[in-house]
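Colleague: Sharing data15.cif here; it has mmCIF, C-alpha atoms and all ligand atoms.
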```cif
data_entry
#
loop_
_atom_site.label_atom_id
_atom_site.label_comp_id
_atom_site.auth_asym_id
_atom_site.auth_seq_id
_atom_site.Cartn_x
_atom_site.Cartn_y
_atom_site.Cartn_z
CA MET A 1 100.14 132.92 77.07
CA THR A 2 100.56 132.87 80.82
CA HIS A 3 102.16 129.74 82.20
CA PRO A 4 99.50 127.64 83.96
CA ASN A 5 100.39 126.53 87.45
CA ALA A 6 100.66 122.89 88.43
CA GLN A 7 97.15 122.63 89.84
CA GLU A 8 95.64 124.07 86.68
CA ILE A 9 97.57 121.57 84.53
CA ILE A 10 96.49 118.66 86.71
CA GLU A 11 92.82 119.72 86.61
CA LYS A 12 92.76 120.39 82.86
CA ALA A 13 94.56 117.10 82.18
CA LYS A 14 91.79 115.24 84.00
CA ASP A 15 89.38 116.69 81.49
CA VAL A 16 91.20 116.07 78.21
CA LEU A 17 93.35 112.99 78.86
CA VAL A 18 91.95 109.48 78.74
CA ARG A 19 92.33 108.23 82.27
CA THR A 20 94.93 105.50 81.91
CA TYR A 21 96.78 106.39 85.11
CA GLU A 22 96.06 107.85 88.53
CA PRO A 23 96.75 111.61 88.34
CA GLN A 24 99.98 112.65 90.10
CA PRO A 25 100.01 115.66 92.41
CA VAL A 26 103.09 117.23 90.79
CA VAL A 27 103.87 118.33 87.24
CA LEU A 28 107.37 117.60 86.02
CA ASP A 29 109.08 120.38 84.16
CA HIS A 30 112.64 119.32 83.35
CA GLY A 31 115.44 117.04 84.39
CA GLU A 32 119.19 116.89 84.59
CA GLY A 33 121.18 113.74 85.27
CA CYS A 34 119.56 111.76 88.08
CA TYR A 35 117.32 114.66 89.15
CA ALA A 36 113.92 115.83 87.92
CA TYR A 37 112.33 119.20 88.73
CA ASP A 38 108.66 120.08 88.94
CA THR A 39 107.01 123.27 87.71
CA ASP A 40 107.44 124.82 91.17
CA GLY A 41 111.19 124.22 90.98
CA LYS A 42 111.19 121.39 93.53
CA LYS A 43 114.01 118.89 92.97
CA TYR A 44 113.52 115.11 93.05
CA LEU A 45 116.04 112.33 92.98
CA ASP A 46 114.49 110.37 90.14
CA PHE A 47 114.33 106.69 91.10
CA ALA A 48 111.50 106.15 88.62
CA ALA A 49 113.32 107.42 85.51
CA GLY A 50 110.19 106.97 83.41
CA ILE A 51 110.09 103.37 84.76
CA ALA A 52 113.55 102.20 83.81
CA VAL A 53 113.67 104.39 80.70
CA ALA A 54 115.97 107.39 81.33
CA SER A 55 118.93 105.08 81.90
CA LEU A 56 121.54 107.69 80.98
CA GLY A 57 119.80 110.31 83.12
CA HIS A 58 117.89 113.36 81.95
CA ALA A 59 119.30 115.71 79.32
CA ASN A 60 122.20 113.39 78.64
CA PRO A 61 124.69 115.43 76.56
CA ALA A 62 125.54 112.55 74.17
CA ILE A 63 121.85 111.90 73.43
CA LEU A 64 121.21 115.62 72.98
CA ARG A 65 124.09 115.93 70.51
CA THR A 66 122.83 112.93 68.52
CA LEU A 67 119.24 114.18 68.48
CA LYS A 68 120.27 117.62 67.26
CA LYS A 69 122.63 116.33 64.59
CA GLN A 70 120.38 113.56 63.30
CA ALA A 71 117.16 115.60 63.40
CA ALA A 72 118.83 118.14 61.14
CA ARG A 73 120.03 115.41 58.74
CA LEU A 74 117.25 112.83 58.35
CA MET A 75 114.45 111.92 60.74
CA ALA A 76 112.25 109.71 58.64
CA CYS A 77 112.35 107.59 55.55
CA GLN A 78 110.45 104.57 54.25
CA ALA A 79 111.00 101.62 56.56
CA SER A 80 112.08 99.56 53.54
CA TYR A 81 115.24 101.65 53.18
CA ALA A 82 118.41 100.69 54.95
CA THR A 83 120.18 103.75 56.35
CA GLN A 84 123.63 104.16 57.85
CA GLU A 85 121.99 104.82 61.20
CA LYS A 86 119.84 101.69 61.09
CA LEU A 87 122.79 99.58 60.03
CA GLU A 88 125.10 101.04 62.69
CA ALA A 89 122.58 100.42 65.49
CA ALA A 90 121.83 96.88 64.28
CA GLN A 91 125.52 96.02 63.85
CA LEU A 92 126.36 97.32 67.34
CA LEU A 93 123.55 95.21 68.81
CA VAL A 94 124.54 92.09 66.89
CA ASP A 95 128.23 92.53 67.73
CA ASN A 96 127.54 92.88 71.43
CA THR A 97 124.87 90.24 72.00
CA CYS A 98 124.17 86.60 71.15
CA PHE A 99 121.75 87.61 68.39
CA ASP A 100 122.15 87.70 64.60
CA MET A 101 119.27 89.88 63.41
CA ILE A 102 117.40 92.96 64.63
CA TYR A 103 113.88 94.23 63.91
CA PHE A 104 113.38 97.78 65.17
CA SER A 105 110.12 98.90 66.76
CA ASN A 106 108.96 101.89 68.79
CA SER A 107 107.92 100.43 72.14
CA GLY A 108 108.04 97.43 74.41
CA THR A 109 104.66 96.08 73.42
CA GLU A 110 105.54 96.24 69.73
CA SER A 111 108.79 94.40 70.39
CA VAL A 112 106.86 91.68 72.22
CA GLU A 113 104.31 91.48 69.37
CA ALA A 114 107.19 90.98 66.95
CA THR A 115 108.64 88.11 69.03
CA LEU A 116 105.24 86.40 69.25
CA LYS A 117 104.59 86.72 65.52
CA CYS A 118 108.12 85.62 64.66
CA ALA A 119 107.91 82.56 66.94
CA ARG A 120 104.50 81.58 65.58
CA LYS A 121 105.64 82.02 61.98
CA TRP A 122 108.73 79.89 62.68
CA ALA A 123 106.57 77.20 64.30
CA TYR A 124 104.05 77.28 61.45
CA ASP A 125 106.80 76.94 58.85
CA THR A 126 108.81 74.25 60.59
CA LYS A 127 106.28 72.30 62.67
CA GLY A 128 102.93 73.01 61.05
CA PRO A 129 99.79 75.14 61.54
CA HIS A 130 98.75 73.17 64.64
CA CYS A 131 101.82 74.48 66.50
CA ASN A 132 100.52 77.85 67.63
CA GLU A 133 100.40 77.83 71.43
CA ILE A 134 102.40 80.04 73.77
CA ILE A 135 103.32 79.42 77.39
CA ALA A 136 103.56 82.54 79.56
CA PHE A 137 103.71 83.06 83.34
CA ARG A 138 101.56 84.17 86.21
CA ASN A 139 102.45 87.70 87.38
CA SER A 140 103.86 88.43 83.93
CA PHE A 141 103.65 91.75 82.15
CA HIS A 142 104.38 92.08 78.46
CA GLY A 143 102.38 95.09 77.28
CA ARG A 144 98.96 96.31 76.32
CA THR A 145 98.37 95.49 72.66
CA TYR A 146 96.41 92.33 71.94
CA GLY A 147 99.27 89.88 71.51
CA SER A 148 101.26 91.10 74.49
CA ALA A 149 98.11 91.55 76.61
CA SER A 150 97.18 87.96 75.75
CA VAL A 151 100.41 86.69 77.35
CA THR A 152 100.02 89.00 80.36
CA GLU A 153 98.35 87.45 83.35
CA LYS A 154 96.28 90.57 83.99
CA ARG A 155 93.99 89.49 81.13
CA MET A 156 92.33 87.24 83.70
CA SER A 157 90.95 90.31 85.47
CA GLN A 158 90.14 92.20 82.23
CA PRO A 159 87.41 90.15 80.55
CA PHE A 160 86.06 93.29 78.86
CA PHE A 161 88.92 93.17 76.33
CA GLY A 162 88.25 89.55 75.38
CA PRO A 163 88.49 87.49 73.32
CA TYR A 164 92.27 87.45 73.62
CA ILE A 165 94.47 85.39 71.30
CA GLU A 166 93.85 81.68 71.72
CA GLY A 167 96.26 79.03 72.86
CA VAL A 168 98.02 80.90 75.67
CA HIS A 169 98.67 78.93 78.87
CA PHE A 170 100.00 80.34 82.12
CA ALA A 171 102.60 78.45 84.14
CA THR A 172 104.00 79.35 87.55
CA PHE A 173 107.14 81.49 87.46
CA ASN A 174 110.21 79.65 88.78
CA ASP A 175 108.39 76.30 88.68
CA LEU A 176 109.71 74.20 85.81
CA SER A 177 107.34 71.30 86.44
CA SER A 178 104.37 73.65 85.90
CA VAL A 179 105.81 74.50 82.47
CA LYS A 180 106.47 70.88 81.57
CA ALA A 181 102.86 70.06 82.40
CA LEU A 182 101.69 72.56 79.75
CA VAL A 183 104.10 71.64 76.96
CA SER A 184 102.64 69.73 74.01
CA ASP A 185 103.35 69.36 70.30
CA LYS A 186 101.28 72.54 69.90
CA THR A 187 103.75 74.66 71.90
CA ALA A 188 105.44 77.20 69.64
CA ALA A 189 107.10 79.41 72.25
CA ILE A 190 107.67 80.18 75.91
CA ILE A 191 107.86 83.86 76.86
CA VAL A 192 109.40 84.93 80.16
CA GLU A 193 110.75 88.03 81.89
CA PRO A 194 114.15 87.20 83.45
CA VAL A 195 113.14 89.51 86.30
CA GLN A 196 109.38 90.01 86.52
CA GLY A 197 109.03 93.78 86.63
CA GLU A 198 105.43 94.90 86.90
CA GLY A 199 104.68 91.65 88.73
CA GLY A 200 106.80 92.79 91.69
CA LEU A 201 110.56 92.67 90.85
CA THR A 202 110.96 88.90 91.16
CA PRO A 203 114.14 87.49 89.63
CA ALA A 204 114.05 84.13 87.91
CA ASP A 205 116.02 81.40 89.58
CA PRO A 206 118.99 80.84 87.18
CA ALA A 207 118.30 77.09 87.35
CA PHE A 208 114.71 77.77 86.21
CA LEU A 209 115.87 79.68 83.11
CA LYS A 210 118.46 76.98 82.38
CA GLY A 211 115.67 74.41 82.72
CA LEU A 212 113.51 76.38 80.26
CA ARG A 213 116.42 76.50 77.82
CA LYS A 214 116.92 72.72 78.07
CA LEU A 215 113.21 72.07 77.69
CA CYS A 216 112.99 74.30 74.60
CA ASP A 217 116.02 72.59 73.05
CA GLU A 218 114.62 69.13 73.70
CA LYS A 219 111.13 69.95 72.38
CA ASN A 220 112.15 72.38 69.61
CA ILE A 221 110.31 75.33 71.19
CA CYS A 222 111.27 78.99 70.76
CA LEU A 223 112.44 80.63 73.99
CA ILE A 224 111.63 84.35 74.22
CA PHE A 225 113.05 86.65 76.87
CA ASP A 226 111.14 89.87 77.45
CA GLU A 227 114.04 92.16 78.27
CA VAL A 228 112.05 95.36 77.93
CA GLN A 229 112.67 96.31 81.55
CA THR A 230 115.78 94.22 82.30
CA GLY A 231 117.84 94.93 79.19
CA PHE A 232 120.38 97.61 78.29
CA GLY A 233 122.43 97.55 81.45
CA ARG A 234 119.64 97.51 84.03
CA LEU A 235 120.95 94.36 85.74
CA GLY A 236 124.62 95.37 85.49
CA THR A 237 125.14 93.32 82.33
CA PHE A 238 124.33 94.61 78.85
CA ASN A 239 121.47 92.15 78.51
CA SER A 240 119.95 90.22 81.36
CA TYR A 241 120.49 86.86 79.66
CA GLU A 242 124.21 87.40 80.41
CA ALA A 243 123.48 87.71 84.12
CA PHE A 244 121.66 84.37 84.00
CA LYS A 245 124.05 82.72 81.53
CA VAL A 246 121.13 81.49 79.43
CA GLU A 247 120.68 82.56 75.80
CA PRO A 248 117.13 82.96 74.47
CA ASP A 249 116.17 82.54 70.80
CA LEU A 250 114.36 85.87 70.64
CA ALA A 251 114.39 88.93 72.88
CA ALA A 252 112.12 91.97 73.17
CA TRP A 253 113.83 95.28 73.96
CA ALA A 254 112.67 98.85 74.59
CA LYS A 255 112.71 101.25 77.59
CA GLY A 256 116.42 101.85 78.35
CA MET A 257 117.34 101.22 74.72
CA GLY A 258 116.54 104.83 73.81
CA GLY A 259 117.34 106.45 77.15
CA GLY A 260 114.00 108.28 76.88
CA PHE A 261 113.57 108.33 73.12
CA PRO A 262 110.92 105.82 71.99
CA VAL A 263 112.69 102.92 70.36
CA GLY A 264 112.49 99.16 70.78
CA ALA A 265 113.52 96.03 68.97
CA MET A 266 113.16 92.33 68.56
CA ALA A 267 116.53 90.59 68.55
CA ALA A 268 116.66 87.16 66.96
CA LYS A 269 118.88 84.20 66.41
CA ARG A 270 118.96 83.70 62.63
CA LYS A 271 117.08 80.39 62.70
CA PHE A 272 114.07 82.20 64.16
CA GLY A 273 114.44 85.73 62.76
CA SER A 274 114.58 84.42 59.20
CA ALA A 275 110.99 83.19 59.59
CA ILE A 276 109.88 86.78 59.07
CA VAL A 277 110.02 87.44 55.34
CA VAL A 278 109.00 90.32 53.11
CA GLY A 279 105.36 91.22 53.59
CA THR A 280 104.80 89.33 56.86
CA HIS A 281 105.62 92.08 59.36
CA GLY A 282 106.73 95.70 59.41
CA THR A 283 106.29 99.19 60.83
CA THR A 284 106.17 102.77 59.61
CA TYR A 285 108.24 104.37 62.36
CA GLY A 286 110.33 101.44 63.55
CA GLY A 287 113.98 101.80 62.59
CA ASN A 288 113.70 105.47 61.69
CA PRO A 289 117.10 107.18 61.44
CA LEU A 290 116.55 109.39 64.49
CA ALA A 291 115.60 106.51 66.80
CA CYS A 292 118.42 104.34 65.49
CA ALA A 293 121.00 107.11 65.91
CA VAL A 294 119.87 107.55 69.52
CA ALA A 295 119.89 103.80 70.17
CA ALA A 296 123.45 103.54 68.81
CA THR A 297 124.51 106.42 71.07
CA VAL A 298 122.92 104.75 74.10
CA VAL A 299 124.58 101.41 73.35
CA LYS A 300 127.99 103.08 72.99
CA GLN A 301 127.55 104.82 76.35
CA ILE A 302 126.52 101.58 78.09
CA LEU A 303 129.48 99.74 76.62
CA LYS A 304 131.95 102.41 77.77
CA ARG A 305 134.48 101.16 80.27
CA GLY A 306 133.19 101.49 83.82
CA PHE A 307 129.51 102.00 82.93
CA LEU A 308 128.22 98.53 83.81
CA SER A 309 130.59 98.15 86.76
CA ASN A 310 129.09 101.38 88.13
CA VAL A 311 125.63 99.81 87.87
CA ARG A 312 126.83 96.80 89.87
CA LYS A 313 128.60 99.03 92.42
CA VAL A 314 125.69 101.37 93.15
CA SER A 315 123.33 98.40 93.14
CA GLY A 316 125.43 96.90 95.94
CA VAL A 317 125.29 100.21 97.84
CA LEU A 318 121.50 100.32 97.52
CA PHE A 319 120.93 96.67 98.50
CA ASP A 320 123.30 97.00 101.50
CA GLY A 321 121.70 100.26 102.58
CA LEU A 322 118.17 98.89 102.24
CA LYS A 323 119.13 95.87 104.34
CA GLN A 324 120.52 98.25 106.95
CA ILE A 325 117.23 100.19 106.96
CA GLN A 326 115.38 96.86 107.24
CA ARG A 327 117.43 95.98 110.33
CA GLU A 328 116.82 99.39 111.89
CA SER A 329 113.10 99.70 111.17
CA ASN A 330 110.26 97.25 111.32
CA LYS A 331 108.80 98.56 108.07
CA ILE A 332 110.66 96.64 105.32
CA THR A 333 109.50 93.06 104.94
CA GLU A 334 111.40 91.99 101.82
CA ILE A 335 113.99 93.34 99.38
CA ARG A 336 114.09 91.78 95.90
CA GLY A 337 115.49 92.40 92.47
CA MET A 338 118.81 92.64 90.70
CA GLY A 339 121.07 95.45 89.56
CA LEU A 340 119.17 98.72 89.48
CA MET A 341 115.77 97.04 89.36
CA ILE A 342 114.94 96.84 93.03
CA GLY A 343 111.70 95.98 94.79
CA VAL A 344 111.03 96.77 98.42
CA ASP A 345 108.04 95.28 100.22
CA THR A 346 106.94 97.20 103.28
CA ASN A 347 104.14 96.81 105.75
CA THR A 348 102.88 100.27 104.79
CA ASN A 349 100.59 101.11 101.89
CA CYS A 350 102.85 101.62 98.85
CA GLY A 351 100.70 104.48 97.53
CA ASP A 352 101.10 106.36 100.83
CA LEU A 353 104.82 105.60 100.88
CA LEU A 354 105.27 106.92 97.33
CA LYS A 355 103.51 110.17 98.25
CA ALA A 356 105.65 110.57 101.36
CA LEU A 357 108.84 109.84 99.40
CA GLN A 358 107.79 112.34 96.75
CA LYS A 359 107.26 114.96 99.44
CA ASN A 360 110.75 114.23 100.75
CA GLY A 361 112.30 114.55 97.28
CA LEU A 362 112.47 111.01 95.93
CA MET A 363 110.44 109.80 92.99
CA ALA A 364 109.75 106.07 92.62
CA THR A 365 106.96 103.80 91.36
CA LYS A 366 104.86 100.88 92.49
CA ALA A 367 104.95 97.34 91.12
CA GLY A 368 102.92 94.23 91.96
CA GLN A 369 100.39 94.52 94.76
CA ASN A 370 102.33 96.71 97.15
CA THR A 371 106.00 96.78 96.13
CA LEU A 372 108.07 99.96 96.06
CA ARG A 373 110.02 99.88 92.79
CA LEU A 374 113.38 101.62 92.45
CA THR A 375 114.70 101.96 88.89
CA PRO A 376 117.10 104.93 88.96
CA PRO A 377 119.20 106.05 86.00
CA LEU A 378 122.16 103.72 85.48
CA ILE A 379 124.56 106.67 85.80
CA LEU A 380 123.64 106.94 89.49
CA LYS A 381 126.58 107.94 91.68
CA GLU A 382 127.38 106.41 95.04
CA GLU A 383 126.59 109.65 96.88
CA GLN A 384 123.20 109.80 95.12
CA ALA A 385 122.50 106.20 96.19
CA HIS A 386 123.26 107.27 99.78
CA GLU A 387 121.05 110.34 99.34
CA ALA A 388 118.16 108.08 98.25
CA LEU A 389 118.75 105.70 101.16
CA GLY A 390 118.68 108.68 103.53
CA ILE A 391 115.31 109.77 102.14
CA ILE A 392 113.87 106.22 102.27
CA GLY A 393 115.09 105.67 105.87
CA LYS A 394 113.79 109.06 107.01
CA THR A 395 110.43 108.61 105.25
CA LEU A 396 109.83 105.16 106.73
CA LYS A 397 110.70 106.53 110.19
CA GLU A 398 108.22 109.40 109.71
CA MET A 399 105.55 106.84 108.83
CA ASP A 400 106.07 104.93 112.12
C1 LIG B 1 108.65 93.46 80.72
C2 LIG B 1 107.85 94.45 79.92
N1 LIG B 1 107.44 94.13 78.69
C3 LIG B 1 106.74 94.97 77.92
C4 LIG B 1 106.38 96.21 78.40
C5 LIG B 1 105.58 97.13 77.53
O1 LIG B 1 106.35 98.21 77.12
P1 LIG B 1 105.67 99.54 76.52
O2 LIG B 1 104.94 100.18 77.65
O3 LIG B 1 106.82 100.32 75.99
O4 LIG B 1 104.75 99.10 75.44
C6 LIG B 1 106.78 96.60 79.67
C7 LIG B 1 106.38 97.92 80.21
O5 LIG B 1 106.40 98.18 81.38
C8 LIG B 1 107.53 95.70 80.46
O6 LIG B 1 107.91 96.00 81.70
#
```
What's the structure tokens form of this structure?

Modeller:
Amino acid sequence: MTHPNAQEIIEKAKDVLVRTYEPQPVVLDHGEGCYAYDTDGKKYLDFAAGIAVASLGHANPAILRTLKKQAARLMACQASYATQEKLEAAQLLVDNTCFDMIYFSNSGTESVEATLKCARKWAYDTKGPHCNEIIAFRNSFHGRTYGSASVTEKRMSQPFFGPYIEGVHFATFNDLSSVKALVSDKTAAIIVEPVQGEGGLTPADPAFLKGLRKLCDEKNICLIFDEVQTGFGRLGTFNSYEAFKVEPDLAAWAKGMGGGFPVGAMAAKRKFGSAIVVGTHGTTYGGNPLACAVAATVVKQILKRGFLSNVRKVSGVLFDGLKQIQRESNKITEIRGMGLMIGVDTNTNCGDLLKALQKNGLMATKAGQNTLRLTPPLILKEEQAHEALGIIGKTLKEMD
């Protein structure tokens, strides 16, 4: 078979793939570390990383070793079986977080579903069937299956998928009084992203999260953090709740957890996690030995000495450099985010900016209405941060 060129792949894909995303003008072929290469051999500094997924970079040797070894040993078994790999991953996660119990899934949306079901089951058992409402936030994003889509504000503009699950109310992010106004004896849970990702890289005010914690304690409500984008080192702490010094009752994880391999989890404090009992929830693939072996490898890499301090260091380099570019050009209007989850608002069209950056060798993504999102691998080196800043500065200048 002759190798089709990029244009052929793009055209054929339009025909056979359901159109969930805008087609990209390049076809990625392979990656190494913080760089990705297209089928024409062009090299890109990858500041998308699968949207905060390839946290250890592409073709990470430790992940490759684990995949090879575990794939040859045992890839799948009935989810009801405990395996050494599942136990090791769960134990590592429990030992290094505030949580007591882990439920493995395969994606962010499944992890969110698990937290919603767990919180509702806990509320049903302890407070009664009437207690089934969830408070979520405007500009939130929690996924695309029905539960997670129901707590995602975008449902407002997608009536064609209705009816969504009932009893979801949307408060204003970073506005505690708007949450208090929605709380009633029907409130089972509050779900929040510590840094709103898809909504535009907006960090929570630490006082807001502390206020949510206090409110949930006072009213006996389950507090859920959606850490799908913020977790696993992305903010320079292992989990983002550490950066905010507020512990949730449940957390949803995915993305960086597998460094590119699909794996997610719900993490739970025992009081809440024990609400899920045999026959109430489960998954065929979740917790499979291959995914768990990879997750354990990723966790061990993140916890290695110097890993998280590198995230904080290169984050500082990027924020400082972006501020410098902002001073020098009239293009950047706001810089937001934390760690290696950075949003840059510009007065140019983000779609045009992304294309121009891509042309100049930097891959990134868009979030919110018009925000440039930078989520590079967490192994980014200082010189690569400077390389990215050089490309961003040059590109914005070219767009003058
Ligand atoms: C905060 C958050 N939650 C949930 C999801 C859904 O994850 P997935 O696409 O793996 O289902 C995402 C994906 O972008 C996310 O950013």

Colleague: Once you count only C-alpha atoms and all ligand atoms, which residues end up within 8 Å of ligand LIG 1 (chain B), and could you hand them over as JSON, numbers by chain?

Modeller: {"A": [51, 106, 107, 108, 109, 110, 111, 112, 140, 141, 142, 143, 144, 145, 148, 193, 196, 197, 198, 226, 227, 228, 229, 230, 252, 254, 255, 262, 264]}

Colleague: Got time to write the residues from that selection, C-alpha atoms, as a PDB file, in the frame of the given file?

Modeller:
```
ATOM      1  CA  ILE A  51     110.090 103.370  84.760  1.00  0.00           C
ATOM      2  CA  ASN A 106     108.960 101.890  68.790  1.00  0.00           C
ATOM      3  CA  SER A 107     107.920 100.430  72.140  1.00  0.00           C
ATOM      4  CA  GLY A 108     108.040  97.430  74.410  1.00  0.00           C
ATOM      5  CA  THR A 109     104.660  96.080  73.420  1.00  0.00           C
ATOM      6  CA  GLU A 110     105.540  96.240  69.730  1.00  0.00           C
ATOM      7  CA  SER A 111     108.790  94.400  70.390  1.00  0.00           C
ATOM      8  CA  VAL A 112     106.860  91.680  72.220  1.00  0.00           C
ATOM      9  CA  SER A 140     103.860  88.430  83.930  1.00  0.00           C
ATOM     10  CA  PHE A 141     103.650  91.750  82.150  1.00  0.00           C
ATOM     11  CA  HIS A 142     104.380  92.080  78.460  1.00  0.00           C
ATOM     12  CA  GLY A 143     102.380  95.090  77.280  1.00  0.00           C
ATOM     13  CA  ARG A 144      98.960  96.310  76.320  1.00  0.00           C
ATOM     14  CA  THR A 145      98.370  95.490  72.660  1.00  0.00           C
ATOM     15  CA  SER A 148     101.260  91.100  74.490  1.00  0.00           C
ATOM     16  CA  GLU A 193     110.750  88.030  81.890  1.00  0.00           C
ATOM     17  CA  GLN A 196     109.380  90.010  86.520  1.00  0.00           C
ATOM     18  CA  GLY A 197     109.030  93.780  86.630  1.00  0.00           C
ATOM     19  CA  GLU A 198     105.430  94.900  86.900  1.00  0.00           C
ATOM     20  CA  ASP A 226     111.140  89.870  77.450  1.00  0.00           C
ATOM     21  CA  GLU A 227     114.040  92.160  78.270  1.00  0.00           C
ATOM     22  CA  VAL A 228     112.050  95.360  77.930  1.00  0.00           C
ATOM     23  CA  GLN A 229     112.670  96.310  81.550  1.00  0.00           C
ATOM     24  CA  THR A 230     115.780  94.220  82.300  1.00  0.00           C
ATOM     25  CA  ALA A 252     112.120  91.970  73.170  1.00  0.00           C
ATOM     26  CA  ALA A 254     112.670  98.850  74.590  1.00  0.00           C
ATOM     27  CA  LYS A 255     112.710 101.250  77.590  1.00  0.00           C
ATOM     28  CA  PRO A 262     110.920 105.820  71.990  1.00  0.00           C
ATOM     29  CA  GLY A 264     112.490  99.160  70.780  1.00  0.00           C
TER      30      GLY A 264
END
```

Colleague: For the atom pair atom CA of Gly339 of chain A and atom CA of Val311 of chain A, what is the interatomic distance in Å to one decimal place?

Modeller: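 So the answer is 6.5 Å.
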
Colleague: Do you know which residues are at most 12 Å from Lys359 of chain A counting all atoms listed in the file, after dropping those on the same chain fewer than 5 positions away, and could you put them as a list in words?

Modeller: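 Returned residues: Pro25, Val26, Asp38, Lys42, Lys43, Tyr44, Leu45, Asp352, Leu353, Leu354, Ala364, Ile391, Ile392, Lys394, Thr395 and Glu398 of chain A.
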
Colleague: Quick one: everything within 12 Å of Lys180 of chain A, counting only C-alpha atoms, minus sequence neighbours fewer than 2 positions away in the same chain. Send it as a list in words.

Modeller: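 Within the cut-off, the hits are Ile135, His169, Phe170, Ala171, Thr172, Asn174, Asp175, Leu176, Ser177, Ser178, Leu182, Val183, Ser184, Asp185, Thr187, Ile190, Phe208, Gly211, Leu212, Lys214, Leu215, Cys216, Glu218, Lys219 and Ile221 of chain A.
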
Colleague: Of the candidates A:Pro194, A:Gly368, A:Arg120, A:Gly390, which one gets nearest to Val246 of chain A if we count only C-alpha atoms?

Modeller: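 Looking only at the distances to Val246 of chain A, the closest residue turns out to be A:Pro194.
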
Colleague: If you measure from atom CA of Leu396 of chain A to atom CA of Thr371 of chain A, what distance in Å do you get, rounded to one decimal?

Modeller: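 Atom CA of Thr371 of chain A lies at a distance of 14.0 Å from atom CA of Leu396 of chain A.
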
Colleague: At a cut-off of 9 Å, can you tabulate as JSON lines every residue of segment 211-268 of chain A near segment 278-298 of chain A together with its closest atom pair and the distance in Å to one decimal, using all atoms listed in the file and ordering rows by chain then number?

Modeller:
```
{"residue": "A:Phe232", "atom": "CA", "partner": "A:Val298", "partner_atom": "CA", "distance": 8.7}
{"residue": "A:Gly256", "atom": "CA", "partner": "A:Val298", "partner_atom": "CA", "distance": 8.3}
{"residue": "A:Met257", "atom": "CA", "partner": "A:Ala295", "partner_atom": "CA", "distance": 5.8}
{"residue": "A:Gly258", "atom": "CA", "partner": "A:Ala295", "partner_atom": "CA", "distance": 5.1}
{"residue": "A:Gly259", "atom": "CA", "partner": "A:Val298", "partner_atom": "CA", "distance": 6.6}
{"residue": "A:Phe261", "atom": "CA", "partner": "A:Ala291", "partner_atom": "CA", "distance": 6.9}
{"residue": "A:Pro262", "atom": "CA", "partner": "A:Ala291", "partner_atom": "CA", "distance": 7.0}
{"residue": "A:Val263", "atom": "CA", "partner": "A:Ala291", "partner_atom": "CA", "distance": 5.8}
{"residue": "A:Gly264", "atom": "CA", "partner": "A:Gly286", "partner_atom": "CA", "distance": 7.9}
{"residue": "A:Ala265", "atom": "CA", "partner": "A:Gly286", "partner_atom": "CA", "distance": 8.3}
```

Colleague: At what distance in Å, to one decimal, does atom CA of Lys12 of chain A lie from atom CA of Val27 of chain A?

Modeller: 12.1 Å

Colleague: Find the spatial neighbours of Val314 of chain A, counting only C-alpha atoms, within a cut-off of 8 Å - ignore same-chain residues fewer than 3 positions away - and output them as a PyMOL selection string.

Modeller: chain A and resi 310-311+317-318+340+380-382+385

Colleague: Between A:Leu389, A:Ile191, A:Val53, A:Ala13, single out the one closest to Glu113 of chain A, counting only C-alpha atoms.

Modeller: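 Between A:Leu389, A:Ile191, A:Val53, A:Ala13, the residue approaching Glu113 of chain A most closely is A:Ile191.
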
Colleague: Find the axis-aligned box for segment 267-285 of chain A, covering all its listed atoms and adding 3 Å on each side, and write its centre and edge lengths in Å to one decimal as lines of an AutoDock Vina configuration file.

Modeller:
```
center_x = 111.9
center_y = 92.4
center_z = 60.8
size_x = 20.2
size_y = 30.0
size_z = 21.4
```

Colleague: Tell me which protein, DNA and RNA residues are within 12 Å of Thr97 of chain A, counting all atoms listed in the file, leaving out same-chain ones fewer than 2 positions away, and put them as a PyMOL selection string.

Modeller: chain A and resi 90-95+99-102+231-232+237-242+247-251+267-269+299+303
